[in-house]
Amino acid sequence: MKKTVVGMLALSAMAVAMGSAFAQDAAKGPELTAAEKDQAKKIYFERCAGCHGVLRKGATGKNLEPHWTKKGKDGAVTEGGTLKLGQNRLEKIIGYGTDGGMVNFDDILTKEEISLMAKYIQNTPDVPPEYSFKDTMDSWKVIVPVDQRPKKQMNKINLKNVFSVTLRDTGEVALIDGDTKEIVNIVKTGYAVHISRLSASGRYVYVVGRDGRLSLIDLWMEKPAVVAEVKIGFDARSVDTSKFKGFEDKYAVAGSYWPPQYVIMDGDTLKPRKVVSTRGMTVDGEYHPEPRVASIVASFIKPEWVINIKETGQILLVDYSDIENLKTTTIGSAKFLHDGGWDASKRYFLVAANASNKIAAVDTKTGKLAALVDTAKIPHPGRGANFVHPKFGPVWATGHLGADVVTLISTPSDDKKFAKYKEFNWKVVQEMKHVPGNLFVKTHPKSKHFWADSPQNPDKDLAESVSVWDMADLSKPKATLNVAKDSGLPPTKAVKRAVHPEYSADGKEVWISLWGGKTDQSAIVVYDDATLKVKKVITDPKMITPTGKFNVYNTQHDIY
Ligand code: DHE
């Protein structure tokens, strides 16, 4: 009897809770026609979902659910202490951005589109469909079967120095010969390719589009081209292969934002083998319906991938030695995991929990969290950069989207000559003065320079410039190079963001993308690293919106 009453009480509590959920679902925002909704959905996917999430629960960007995007009852701007944004305020935020790191969209979207997006996000988010193993399998295409591929390199290109360059808005990747600076080929890929990663062999490039399309490029072909393709989800950012001895390139793994899951494939054909969901509990013990797969990296020490789950803050070590009986170690760190890279020893993987203002370091040897380091606002390392600091020994560096510094964190080393720096390990040993809006930092073992961009800075000049430090004397003021001016391209009203420094294989050149609008001439500006003088400006009408660049040798060997 008692049980029944408790059961009834529980049921009625659930009904009340569900009732309020339904009431919230039913609360409609401004009316949209079917065509407007379709248009807004497309813009949201292309421009907003990455930061705010498909379900708009927030991550790098803020929560965008109607409970605070929509004005309260009778137009109230606050209700129960919660701010209620409403149409006008939303339009301003979308148009002009915020100090909190939201970029301005007034140079990308028209006034009408901004108004439409403000209306759209006051409505309850739609839940997109799932994507099953069968869907992945049905999308899989082998364009050139393994036995029909070359048995040796069929071109005369110095493959080590090829750059795989994302042409963001055309859904292509440009393969550029780093020696001659000529475009080898432009290959069709998924929409807004995010990253390129190399096979352990250095022969294949894996590129993943935001639309979840993964393409495998064979660099040995006379004209390097796509040999296999698969769609691993609707929205994706990360890919890597298996790198442990004996498993080199046996498998590939790609992470999806929506649905939140990762897919294990055969490395040489991309044939799907397994789909694993990442839905579950956050490190705070709350269920999250959309824990997206952020960075992935393959360990060299064990047959494992480090898979970083954004919203839950869980770092997964996925053992691929037996994929039928998959073993996973789950390491709690901090929420909003994003991008990261290896320390110099390649034992520790450091990943930014960006909206938590922390860097988590995983020890891939012990399979445990080595450290959780507090940093300035919104760390954004890309893969970071390693060098030996004159005072503090080996350090790994991250820039910040939300702060005006580059943070240097001391990392452990087995090398006896660095033993004296042990007391600094996992501490922030220096913050180098920079400007906010930094996305990527880079150096090279053969260089004495350290480079950092600032493409998200609201100031046009700073967004179009990069900064360079002399690592032998970090007290010296940095040099600031205006990449847009150095390119010699005619000035434009729209910002041409200088983004993603990348070294040539020999460490002597630094390539910077000058990321203009879709209809502007963009460029890659190549600097001599020793003199900081421009060596070459790669402008070709086909260089449309270049962003990330991945040098084959440096990416294959994780040199940064
Ligand atoms: Fe990135 C890396 C996610 C916006 C260029 N970006 C990554 C990684 C993630 C990520 C998870 C790590 C992949 C890995 O190592 O496995 N990026 C996101 C987003 O969610 C976000 C904030 C919004 C979005 O809609 O995608 C976002 N990123 C951007 C851009 O707007 C950039 C500047 C231009 C572009 O091409 O889209 C951009 N992200 C890059 C680049 C890297 C990257 C170039 C790889 C850096 C490296 O050196 O490894």
# chains A, B, ... in the order shown; residues from 1 in each chain; ligands from 1

call {"tool": "residues_near_ligand", "arguments": {"ligand": "ligand 1", "cutoff": "6 Å", "atoms": "only C-alpha atoms and all ligand atoms", "output": "ChimeraX atom specification"}}
result
/A:47,49-51,168,194-195,237-239,294-296,338-339,382-383,547-548

call {"tool": "residues_around", "arguments": {"residues": "region 358-366 of chain A", "least_positions_apart": "5", "cutoff": "6 Å", "atoms": "only C-alpha atoms", "output": "number ranges by chain"}}
result
A: 347-353, 371-375

call {"tool": "residues_around", "arguments": {"residues": "Gly488 (chain A)", "least_positions_apart": "5", "cutoff": "12 Å", "atoms": "only C-alpha atoms", "output": "list in words"}}
result
Asn482, Val483, Leu514, Gln521, Ser522, Ala523, Ile524, Val525, Val534, Lys536, Val537, Ile538 and Thr539 of chain A

call {"tool": "closest_atom_pairs", "arguments": {"of": "region 495-541 of chain A", "to": "region 446-469 of chain A", "cutoff": "6 Å", "atoms": "only C-alpha atoms", "output": "Markdown table"}}
result
| residue | atom | partner | partner_atom | distance |
| --- | --- | --- | --- | --- |
| A:Val495 | CA | A:Lys460 | CA | 6.0 |
| A:Lys496 | CA | A:Glu464 | CA | 5.8 |
| A:Arg497 | CA | A:Glu464 | CA | 4.8 |
| A:Ala498 | CA | A:Glu464 | CA | 4.7 |
| A:Val499 | CA | A:Asp453 | CA | 5.8 |
| A:Gly507 | CA | A:Lys446 | CA | 5.7 |

call {"tool": "residues_around", "arguments": {"residues": "Thr180 (chain A)", "least_positions_apart": "4", "cutoff": "12 Å", "atoms": "only C-alpha atoms", "output": "list in words"}}
result
Lys156, Ile157, Asn158, Leu159, Asn161, Val162, Phe163, Leu175, Ile176, Val184, Ser504, Val526, Lys535, Lys536 and Ile538 of chain A

call {"tool": "write_last_selection", "arguments": {"atoms": "C-alpha atoms", "output": "CSV table (one decimal), in the first residue's frame"}}
result
chain,number,residue,atom,x,y,z
A,156,LYS,CA,57.5,13.6,-58.1
A,157,ILE,CA,56.2,15.9,-55.4
A,158,ASN,CA,58.1,16.2,-52.1
A,159,LEU,CA,55.2,14.8,-50.2
A,161,ASN,CA,56.2,19.3,-47.6
A,162,VAL,CA,52.7,19.2,-49.0
A,163,PHE,CA,50.1,21.4,-47.2
A,175,LEU,CA,46.8,20.4,-51.8
A,176,ILE,CA,49.8,22.7,-52.2
A,184,VAL,CA,48.8,20.2,-56.8
A,504,SER,CA,57.0,24.1,-43.5
A,526,VAL,CA,54.4,32.7,-46.5
A,535,LYS,CA,58.7,35.1,-49.1
A,536,LYS,CA,55.6,34.4,-51.2
A,538,ILE,CA,49.8,32.5,-52.8

call {"tool": "select_by_dssp", "arguments": {"residues": "region 5-179 of chain A", "states": "strand (DSSP E)", "output": "list in words"}}
result
Thr78, Glu79, Thr82, Leu83, Lys141, Val142, Val162, Phe163, Ser164, Val165, Thr166, Leu167, Glu172, Val173, Ala174, Leu175, Ile176 and Asp177 of chain A

call {"tool": "write_last_selection", "arguments": {"atoms": "all heavy atoms", "output": "CSV table (one decimal), in the first residue's frame"}}
result
chain,number,residue,atom,x,y,z
A,78,THR,N,13.0,40.6,-17.4
A,78,THR,CA,13.5,39.7,-16.5
A,78,THR,C,12.3,38.9,-15.9
A,78,THR,O,11.2,39.5,-15.8
A,78,THR,CB,14.3,40.3,-15.3
A,78,THR,OG1,13.5,41.3,-14.7
A,78,THR,CG2,15.6,40.9,-15.7
A,79,GLU,N,12.5,37.7,-15.4
A,79,GLU,CA,11.5,37.0,-14.8
A,79,GLU,C,12.1,36.0,-13.8
A,79,GLU,O,13.0,35.3,-14.2
A,79,GLU,CB,10.7,36.2,-15.9
A,79,GLU,CG,9.2,36.3,-15.7
A,79,GLU,CD,8.4,35.7,-16.9
A,79,GLU,OE1,8.7,34.5,-17.2
A,79,GLU,OE2,7.6,36.4,-17.5
A,82,THR,N,15.8,35.9,-14.0
A,82,THR,CA,16.5,35.5,-15.3
A,82,THR,C,16.2,36.6,-16.3
A,82,THR,O,15.1,37.0,-16.5
A,82,THR,CB,15.9,34.1,-15.8
A,82,THR,OG1,15.9,33.2,-14.7
A,82,THR,CG2,16.6,33.6,-17.0
A,83,LEU,N,17.3,36.9,-17.0
A,83,LEU,CA,17.2,37.9,-18.1
A,83,LEU,C,16.5,37.3,-19.2
A,83,LEU,O,16.6,36.1,-19.6
A,83,LEU,CB,18.7,38.2,-18.5
A,83,LEU,CG,18.9,39.4,-19.4
A,83,LEU,CD1,18.5,40.7,-18.7
A,83,LEU,CD2,20.4,39.4,-19.8
A,141,LYS,N,31.6,4.8,-49.6
A,141,LYS,CA,31.9,4.7,-51.0
A,141,LYS,C,33.4,4.4,-51.1
A,141,LYS,O,34.2,5.2,-50.6
A,141,LYS,CB,31.6,6.0,-51.8
A,141,LYS,CG,30.3,6.0,-52.4
A,141,LYS,CD,30.2,7.2,-53.4
A,141,LYS,CE,29.8,8.5,-52.6
A,141,LYS,NZ,29.7,9.7,-53.2
A,142,VAL,N,33.8,3.4,-51.8
A,142,VAL,CA,35.2,3.2,-52.1
A,142,VAL,C,35.4,3.6,-53.6
A,142,VAL,O,34.8,3.0,-54.5
A,142,VAL,CB,35.7,1.8,-51.9
A,142,VAL,CG1,37.2,1.7,-52.3
A,142,VAL,CG2,35.6,1.4,-50.4
A,162,VAL,N,54.0,18.8,-48.5
A,162,VAL,CA,52.7,19.2,-49.0
A,162,VAL,C,51.8,19.8,-47.9
A,162,VAL,O,51.9,19.3,-46.8
A,162,VAL,CB,52.0,18.0,-49.7
A,162,VAL,CG1,50.5,18.3,-49.9
A,162,VAL,CG2,52.7,17.6,-51.0
A,163,PHE,N,51.0,20.8,-48.2
A,163,PHE,CA,50.1,21.4,-47.2
A,163,PHE,C,48.7,21.1,-47.7
A,163,PHE,O,48.3,21.3,-48.8
A,163,PHE,CB,50.2,22.9,-47.2
A,163,PHE,CG,51.5,23.4,-46.5
A,163,PHE,CD1,52.7,23.3,-47.1
A,163,PHE,CD2,51.4,24.0,-45.2
A,163,PHE,CE1,53.9,23.7,-46.5
A,163,PHE,CE2,52.6,24.5,-44.6
A,163,PHE,CZ,53.8,24.4,-45.2
A,164,SER,N,47.9,20.5,-46.8
A,164,SER,CA,46.5,20.3,-47.0
A,164,SER,C,45.8,21.5,-46.4
A,164,SER,O,45.8,21.7,-45.2
A,164,SER,CB,46.0,19.0,-46.3
A,164,SER,OG,44.7,18.8,-46.5
A,165,VAL,N,45.1,22.3,-47.3
A,165,VAL,CA,44.6,23.6,-46.9
A,165,VAL,C,43.0,23.5,-47.0
A,165,VAL,O,42.5,23.2,-48.1
A,165,VAL,CB,45.1,24.7,-47.8
A,165,VAL,CG1,44.5,26.1,-47.4
A,165,VAL,CG2,46.6,24.8,-47.8
A,166,THR,N,42.4,23.8,-45.9
A,166,THR,CA,40.9,23.9,-45.9
A,166,THR,C,40.5,25.1,-46.7
A,166,THR,O,40.9,26.3,-46.4
A,166,THR,CB,40.4,24.0,-44.5
A,166,THR,OG1,40.8,22.9,-43.7
A,166,THR,CG2,38.9,24.2,-44.4
A,167,LEU,N,39.6,24.9,-47.7
A,167,LEU,CA,38.9,26.1,-48.4
A,167,LEU,C,37.5,26.0,-47.8
A,167,LEU,O,36.6,25.3,-48.3
A,167,LEU,CB,39.0,25.9,-49.9
A,167,LEU,CG,40.4,25.8,-50.5
A,167,LEU,CD1,40.3,25.6,-52.0
A,167,LEU,CD2,41.2,27.0,-50.2
A,172,GLU,N,36.1,22.3,-50.1
A,172,GLU,CA,37.2,21.7,-50.8
A,172,GLU,C,38.5,21.8,-49.9
A,172,GLU,O,38.5,22.5,-49.0
A,172,GLU,CB,37.5,22.5,-52.1
A,172,GLU,CG,36.4,22.4,-53.1
A,172,GLU,CD,36.6,23.4,-54.2
A,172,GLU,OE1,37.1,24.5,-54.0
A,172,GLU,OE2,36.3,23.1,-55.4
A,173,VAL,N,39.4,21.0,-50.4
A,173,VAL,CA,40.8,21.1,-49.7
A,173,VAL,C,41.8,21.3,-50.9
A,173,VAL,O,41.7,20.6,-51.9
A,173,VAL,CB,41.1,19.7,-49.0
A,173,VAL,CG1,42.5,19.5,-48.9
A,173,VAL,CG2,40.5,19.8,-47.6
A,174,ALA,N,42.7,22.3,-50.7
A,174,ALA,CA,43.7,22.5,-51.7
A,174,ALA,C,45.0,21.8,-51.2
A,174,ALA,O,45.4,22.0,-50.1
A,174,ALA,CB,44.0,24.0,-51.9
A,175,LEU,N,45.6,21.0,-52.1
A,175,LEU,CA,46.8,20.4,-51.8
A,175,LEU,C,47.9,21.2,-52.4
A,175,LEU,O,47.9,21.4,-53.7
A,175,LEU,CB,46.9,18.9,-52.3
A,175,LEU,CG,45.8,18.0,-51.7
A,175,LEU,CD1,45.7,16.7,-52.5
A,175,LEU,CD2,46.1,17.7,-50.2
A,176,ILE,N,48.8,21.8,-51.6
A,176,ILE,CA,49.8,22.7,-52.2
A,176,ILE,C,51.2,22.2,-52.0
A,176,ILE,O,51.5,21.7,-50.8
A,176,ILE,CB,49.6,24.1,-51.5
A,176,ILE,CG1,48.2,24.7,-51.7
A,176,ILE,CG2,50.6,25.1,-52.1
A,176,ILE,CD1,47.9,26.1,-51.2
A,177,ASP,N,52.0,22.2,-53.0
A,177,ASP,CA,53.3,21.8,-52.9
A,177,ASP,C,54.1,22.9,-52.2
A,177,ASP,O,54.3,24.0,-52.7
A,177,ASP,CB,53.9,21.6,-54.4
A,177,ASP,CG,55.3,21.1,-54.4
A,177,ASP,OD1,56.1,21.4,-53.4
A,177,ASP,OD2,55.7,20.4,-55.4

call {"tool": "decode", "arguments": {"residues": "region 222-368 of chain A", "atoms": "C-alpha atoms", "output": "JSON list (two decimals), in the first residue's frame"}}
result
[["chain", "number", "residue", "atom", "x", "y", "z"],
["A", 222, "GLU", "CA", 49.88, 10.78, -59.95],
["A", 223, "LYS", "CA", 47.39, 13.50, -59.07],
["A", 224, "PRO", "CA", 46.46, 12.99, -55.40],
["A", 225, "ALA", "CA", 42.70, 12.48, -55.08],
["A", 226, "VAL", "CA", 39.92, 11.10, -52.88],
["A", 227, "VAL", "CA", 39.88, 7.27, -52.81],
["A", 228, "ALA", "CA", 37.17, 6.61, -50.22],
["A", 229, "GLU", "CA", 34.37, 8.49, -48.48],
["A", 230, "VAL", "CA", 31.84, 7.96, -45.74],
["A", 231, "LYS", "CA", 29.37, 10.16, -43.85],
["A", 232, "ILE", "CA", 29.78, 9.56, -40.14],
["A", 233, "GLY", "CA", 27.00, 11.88, -38.89],
["A", 234, "PHE", "CA", 25.39, 15.25, -39.67],
["A", 235, "ASP", "CA", 27.95, 17.47, -38.00],
["A", 236, "ALA", "CA", 31.59, 16.56, -37.25],
["A", 237, "ARG", "CA", 35.01, 18.00, -36.35],
["A", 238, "SER", "CA", 37.61, 15.31, -35.61],
["A", 239, "VAL", "CA", 39.43, 12.31, -37.08],
["A", 240, "ASP", "CA", 42.57, 10.25, -36.49],
["A", 241, "THR", "CA", 43.96, 6.80, -37.27],
["A", 242, "SER", "CA", 45.44, 4.05, -35.11],
["A", 243, "LYS", "CA", 49.12, 4.82, -34.51],
["A", 244, "PHE", "CA", 50.35, 2.21, -31.99],
["A", 245, "LYS", "CA", 53.05, -0.18, -33.21],
["A", 246, "GLY", "CA", 51.48, -3.13, -35.04],
["A", 247, "PHE", "CA", 48.18, -1.24, -35.58],
["A", 248, "GLU", "CA", 49.46, 1.60, -37.79],
["A", 249, "ASP", "CA", 46.51, 2.84, -39.90],
["A", 250, "LYS", "CA", 44.51, -0.38, -39.31],
["A", 251, "TYR", "CA", 41.62, 1.77, -38.10],
["A", 252, "ALA", "CA", 40.37, 5.32, -38.44],
["A", 253, "VAL", "CA", 38.08, 7.01, -35.94],
["A", 254, "ALA", "CA", 35.95, 10.10, -36.47],
["A", 255, "GLY", "CA", 33.93, 12.06, -33.95],
["A", 256, "SER", "CA", 30.51, 13.53, -34.56],
["A", 257, "TYR", "CA", 28.82, 16.57, -32.98],
["A", 258, "TRP", "CA", 25.37, 15.38, -34.08],
["A", 259, "PRO", "CA", 24.42, 12.74, -33.30],
["A", 260, "PRO", "CA", 26.86, 12.68, -30.39],
["A", 261, "GLN", "CA", 28.86, 9.56, -31.24],
["A", 262, "TYR", "CA", 32.09, 8.29, -32.76],
["A", 263, "VAL", "CA", 32.62, 5.84, -35.61],
["A", 264, "ILE", "CA", 35.43, 3.32, -35.94],
["A", 265, "MET", "CA", 36.34, 2.39, -39.53],
["A", 266, "ASP", "CA", 38.93, 0.43, -41.48],
["A", 267, "GLY", "CA", 41.84, 2.80, -42.04],
["A", 268, "ASP", "CA", 42.42, 2.17, -45.77],
["A", 269, "THR", "CA", 38.82, 1.99, -47.02],
["A", 270, "LEU", "CA", 36.78, 3.80, -44.31],
["A", 271, "LYS", "CA", 34.45, 0.78, -44.10],
["A", 272, "PRO", "CA", 32.41, 1.44, -40.92],
["A", 273, "ARG", "CA", 33.03, -1.09, -38.16],
["A", 274, "LYS", "CA", 31.36, 0.34, -35.08],
["A", 275, "VAL", "CA", 29.33, 3.33, -33.89],
["A", 276, "VAL", "CA", 29.54, 4.30, -30.20],
["A", 277, "SER", "CA", 27.23, 6.84, -28.56],
["A", 278, "THR", "CA", 28.71, 9.42, -26.17],
["A", 279, "ARG", "CA", 25.46, 10.38, -24.43],
["A", 280, "GLY", "CA", 25.68, 10.22, -20.67],
["A", 281, "MET", "CA", 26.53, 12.06, -17.48],
["A", 282, "THR", "CA", 28.59, 15.21, -17.14],
["A", 283, "VAL", "CA", 31.39, 15.41, -14.56],
["A", 284, "ASP", "CA", 28.81, 17.20, -12.38],
["A", 285, "GLY", "CA", 26.57, 14.12, -12.47],
["A", 286, "GLU", "CA", 23.87, 15.49, -14.77],
["A", 287, "TYR", "CA", 22.54, 13.73, -17.86],
["A", 288, "HIS", "CA", 23.41, 15.52, -21.12],
["A", 289, "PRO", "CA", 21.57, 14.65, -24.35],
["A", 290, "GLU", "CA", 24.20, 16.14, -26.67],
["A", 291, "PRO", "CA", 27.77, 15.44, -25.49],
["A", 292, "ARG", "CA", 29.69, 16.17, -28.68],
["A", 293, "VAL", "CA", 32.97, 14.59, -29.71],
["A", 294, "ALA", "CA", 35.67, 17.28, -29.72],
["A", 295, "SER", "CA", 39.37, 16.51, -30.34],
["A", 296, "ILE", "CA", 40.63, 12.98, -30.96],
["A", 297, "VAL", "CA", 44.25, 11.85, -30.90],
["A", 298, "ALA", "CA", 45.95, 8.46, -31.21],
["A", 299, "SER", "CA", 48.32, 7.37, -28.45],
["A", 300, "PHE", "CA", 51.82, 6.12, -29.36],
["A", 301, "ILE", "CA", 52.22, 4.33, -26.02],
["A", 302, "LYS", "CA", 49.15, 2.07, -26.14],
["A", 303, "PRO", "CA", 46.60, 0.92, -28.76],
["A", 304, "GLU", "CA", 44.27, 3.71, -27.62],
["A", 305, "TRP", "CA", 42.59, 6.85, -28.81],
["A", 306, "VAL", "CA", 42.08, 9.84, -26.54],
["A", 307, "ILE", "CA", 38.52, 10.97, -27.31],
["A", 308, "ASN", "CA", 37.45, 14.20, -25.64],
["A", 309, "ILE", "CA", 33.75, 14.62, -24.96],
["A", 310, "LYS", "CA", 32.85, 18.29, -24.91],
["A", 311, "GLU", "CA", 29.73, 18.77, -22.77],
["A", 312, "THR", "CA", 30.33, 15.98, -20.25],
["A", 313, "GLY", "CA", 34.01, 16.78, -19.63],
["A", 314, "GLN", "CA", 34.78, 13.06, -19.80],
["A", 315, "ILE", "CA", 38.00, 12.04, -21.54],
["A", 316, "LEU", "CA", 37.71, 8.56, -23.02],
["A", 317, "LEU", "CA", 40.70, 6.30, -23.60],
["A", 318, "VAL", "CA", 39.31, 3.86, -26.16],
["A", 319, "ASP", "CA", 41.32, 0.65, -26.52],
["A", 320, "TYR", "CA", 41.08, -0.46, -30.17],
["A", 321, "SER", "CA", 43.09, -3.70, -29.80],
["A", 322, "ASP", "CA", 39.79, -5.65, -29.83],
["A", 323, "ILE", "CA", 37.02, -3.53, -31.31],
["A", 324, "GLU", "CA", 34.43, -6.30, -30.91],
["A", 325, "ASN", "CA", 34.96, -6.10, -27.15],
["A", 326, "LEU", "CA", 35.72, -2.42, -26.82],
["A", 327, "LYS", "CA", 37.29, -1.34, -23.53],
["A", 328, "THR", "CA", 37.07, 2.29, -22.49],
["A", 329, "THR", "CA", 38.64, 4.16, -19.59],
["A", 330, "THR", "CA", 36.57, 7.20, -18.63],
["A", 331, "ILE", "CA", 38.49, 10.06, -17.03],
["A", 332, "GLY", "CA", 36.51, 12.93, -15.51],
["A", 333, "SER", "CA", 38.10, 16.32, -16.12],
["A", 334, "ALA", "CA", 36.14, 19.58, -16.70],
["A", 335, "LYS", "CA", 33.20, 20.44, -18.94],
["A", 336, "PHE", "CA", 33.48, 21.92, -22.44],
["A", 337, "LEU", "CA", 36.50, 20.02, -23.72],
["A", 338, "HIS", "CA", 37.59, 21.33, -27.10],
["A", 339, "ASP", "CA", 41.02, 21.22, -28.78],
["A", 340, "GLY", "CA", 44.43, 20.11, -27.59],
["A", 341, "GLY", "CA", 47.81, 18.58, -28.34],
["A", 342, "TRP", "CA", 50.74, 16.55, -27.06],
["A", 343, "ASP", "CA", 53.48, 17.72, -24.74],
["A", 344, "ALA", "CA", 57.05, 17.34, -26.09],
["A", 345, "SER", "CA", 57.40, 13.77, -24.72],
["A", 346, "LYS", "CA", 54.08, 12.69, -26.38],
["A", 347, "ARG", "CA", 53.06, 11.00, -23.14],
["A", 348, "TYR", "CA", 50.67, 13.72, -21.96],
["A", 349, "PHE", "CA", 47.75, 15.05, -23.96],
["A", 350, "LEU", "CA", 46.69, 18.56, -22.93],
["A", 351, "VAL", "CA", 43.15, 19.58, -23.82],
["A", 352, "ALA", "CA", 41.32, 22.86, -23.26],
["A", 353, "ALA", "CA", 38.08, 22.77, -21.27],
["A", 354, "ASN", "CA", 37.49, 26.14, -22.85],
["A", 355, "ALA", "CA", 34.34, 27.50, -21.22],
["A", 356, "SER", "CA", 35.63, 26.16, -17.84],
["A", 357, "ASN", "CA", 38.90, 28.14, -18.23],
["A", 358, "LYS", "CA", 41.00, 25.04, -17.61],
["A", 359, "ILE", "CA", 43.53, 22.79, -19.32],
["A", 360, "ALA", "CA", 43.24, 19.06, -18.55],
["A", 361, "ALA", "CA", 46.33, 16.87, -18.97],
["A", 362, "VAL", "CA", 45.93, 13.11, -19.46],
["A", 363, "ASP", "CA", 48.77, 10.73, -18.77],
["A", 364, "THR", "CA", 48.40, 8.20, -21.60],
["A", 365, "LYS", "CA", 50.90, 5.86, -19.89],
["A", 366, "THR", "CA", 49.01, 5.45, -16.59],
["A", 367, "GLY", "CA", 45.58, 6.17, -18.11],
["A", 368, "LYS", "CA", 44.88, 8.83, -15.47]]
